[in-house]
Amino acid sequence: MTPCADRSPEAWLRALTRFVRVIPHTRELGLEVLTADAEAVRMRLPWCDDLLGDASRGLVHGGVLTMLLDTACGSAVLRGLPAPEVCPTLDLRVDHFRPAVAGLALHAEARVVGVTASVVFTEGTLWQEEGKPVARGIGNFVRLGPRNTPPGFAEALFADEHDEESRDA
């Protein structure tokens, strides 16, 4: 596995942007990675009518909130390990504080709160207006380890970084 401690926040921003662009629904919905530093990953899901679950009341579908928390927390897992490895979602609890409403982008912030040999523990928050959380998520991700992570996984995440280095040489 490729060590990642020496990667810059900018390199991680590019890598996680690449990650969310590979997932069809996050790509189609325009999910953006805003920051990817050692403390947290921040994302933004721009508003579009496809996010509605209740059009008559202008409310965002709960599945959209779950997807965003899962993606943000999963991205934090990649950022939080010494080297990227495949870590599927083991469980995700979502606490809804208020409805997300039509017309406003959704913002997410997620962080790793603990790592064991077999599980990565995360927490994430969603909001539309600063200081007014919409939902909180507690996500646990199972570590599959280097033996079960496809060869070249880390290299694929950071592929554009290697391409830039070879162009500059």
# chains A, B, ... in the order shown; residues from 1 in each chain; ligands from 1
call {"tool": "residues_around", "arguments": {"residues": "A:Leu68", "least_positions_apart": "6", "cutoff": "10 Å", "atoms": "only C-alpha atoms", "output": "PyMOL selection string"}}
result
chain A and resi 26+31+43-45+62+74+106-109+124-126+137
call {"tool": "select_by_dssp", "arguments": {"residues": "stretch 14-123 of chain A", "states": "strand (DSSP E)", "output": "MDAnalysis selection string"}}
result
chainID A and resid 32:36 41:45 52:54 59:60 89:96 106:115 119:123
call {"tool": "residues_around", "arguments": {"residues": "A:Cys48", "least_positions_apart": "5", "cutoff": "12 Å", "atoms": "only C-alpha atoms", "output": "PyMOL selection string"}}
result
chain A and resi 28-31+53+55+58-61+64+101-106
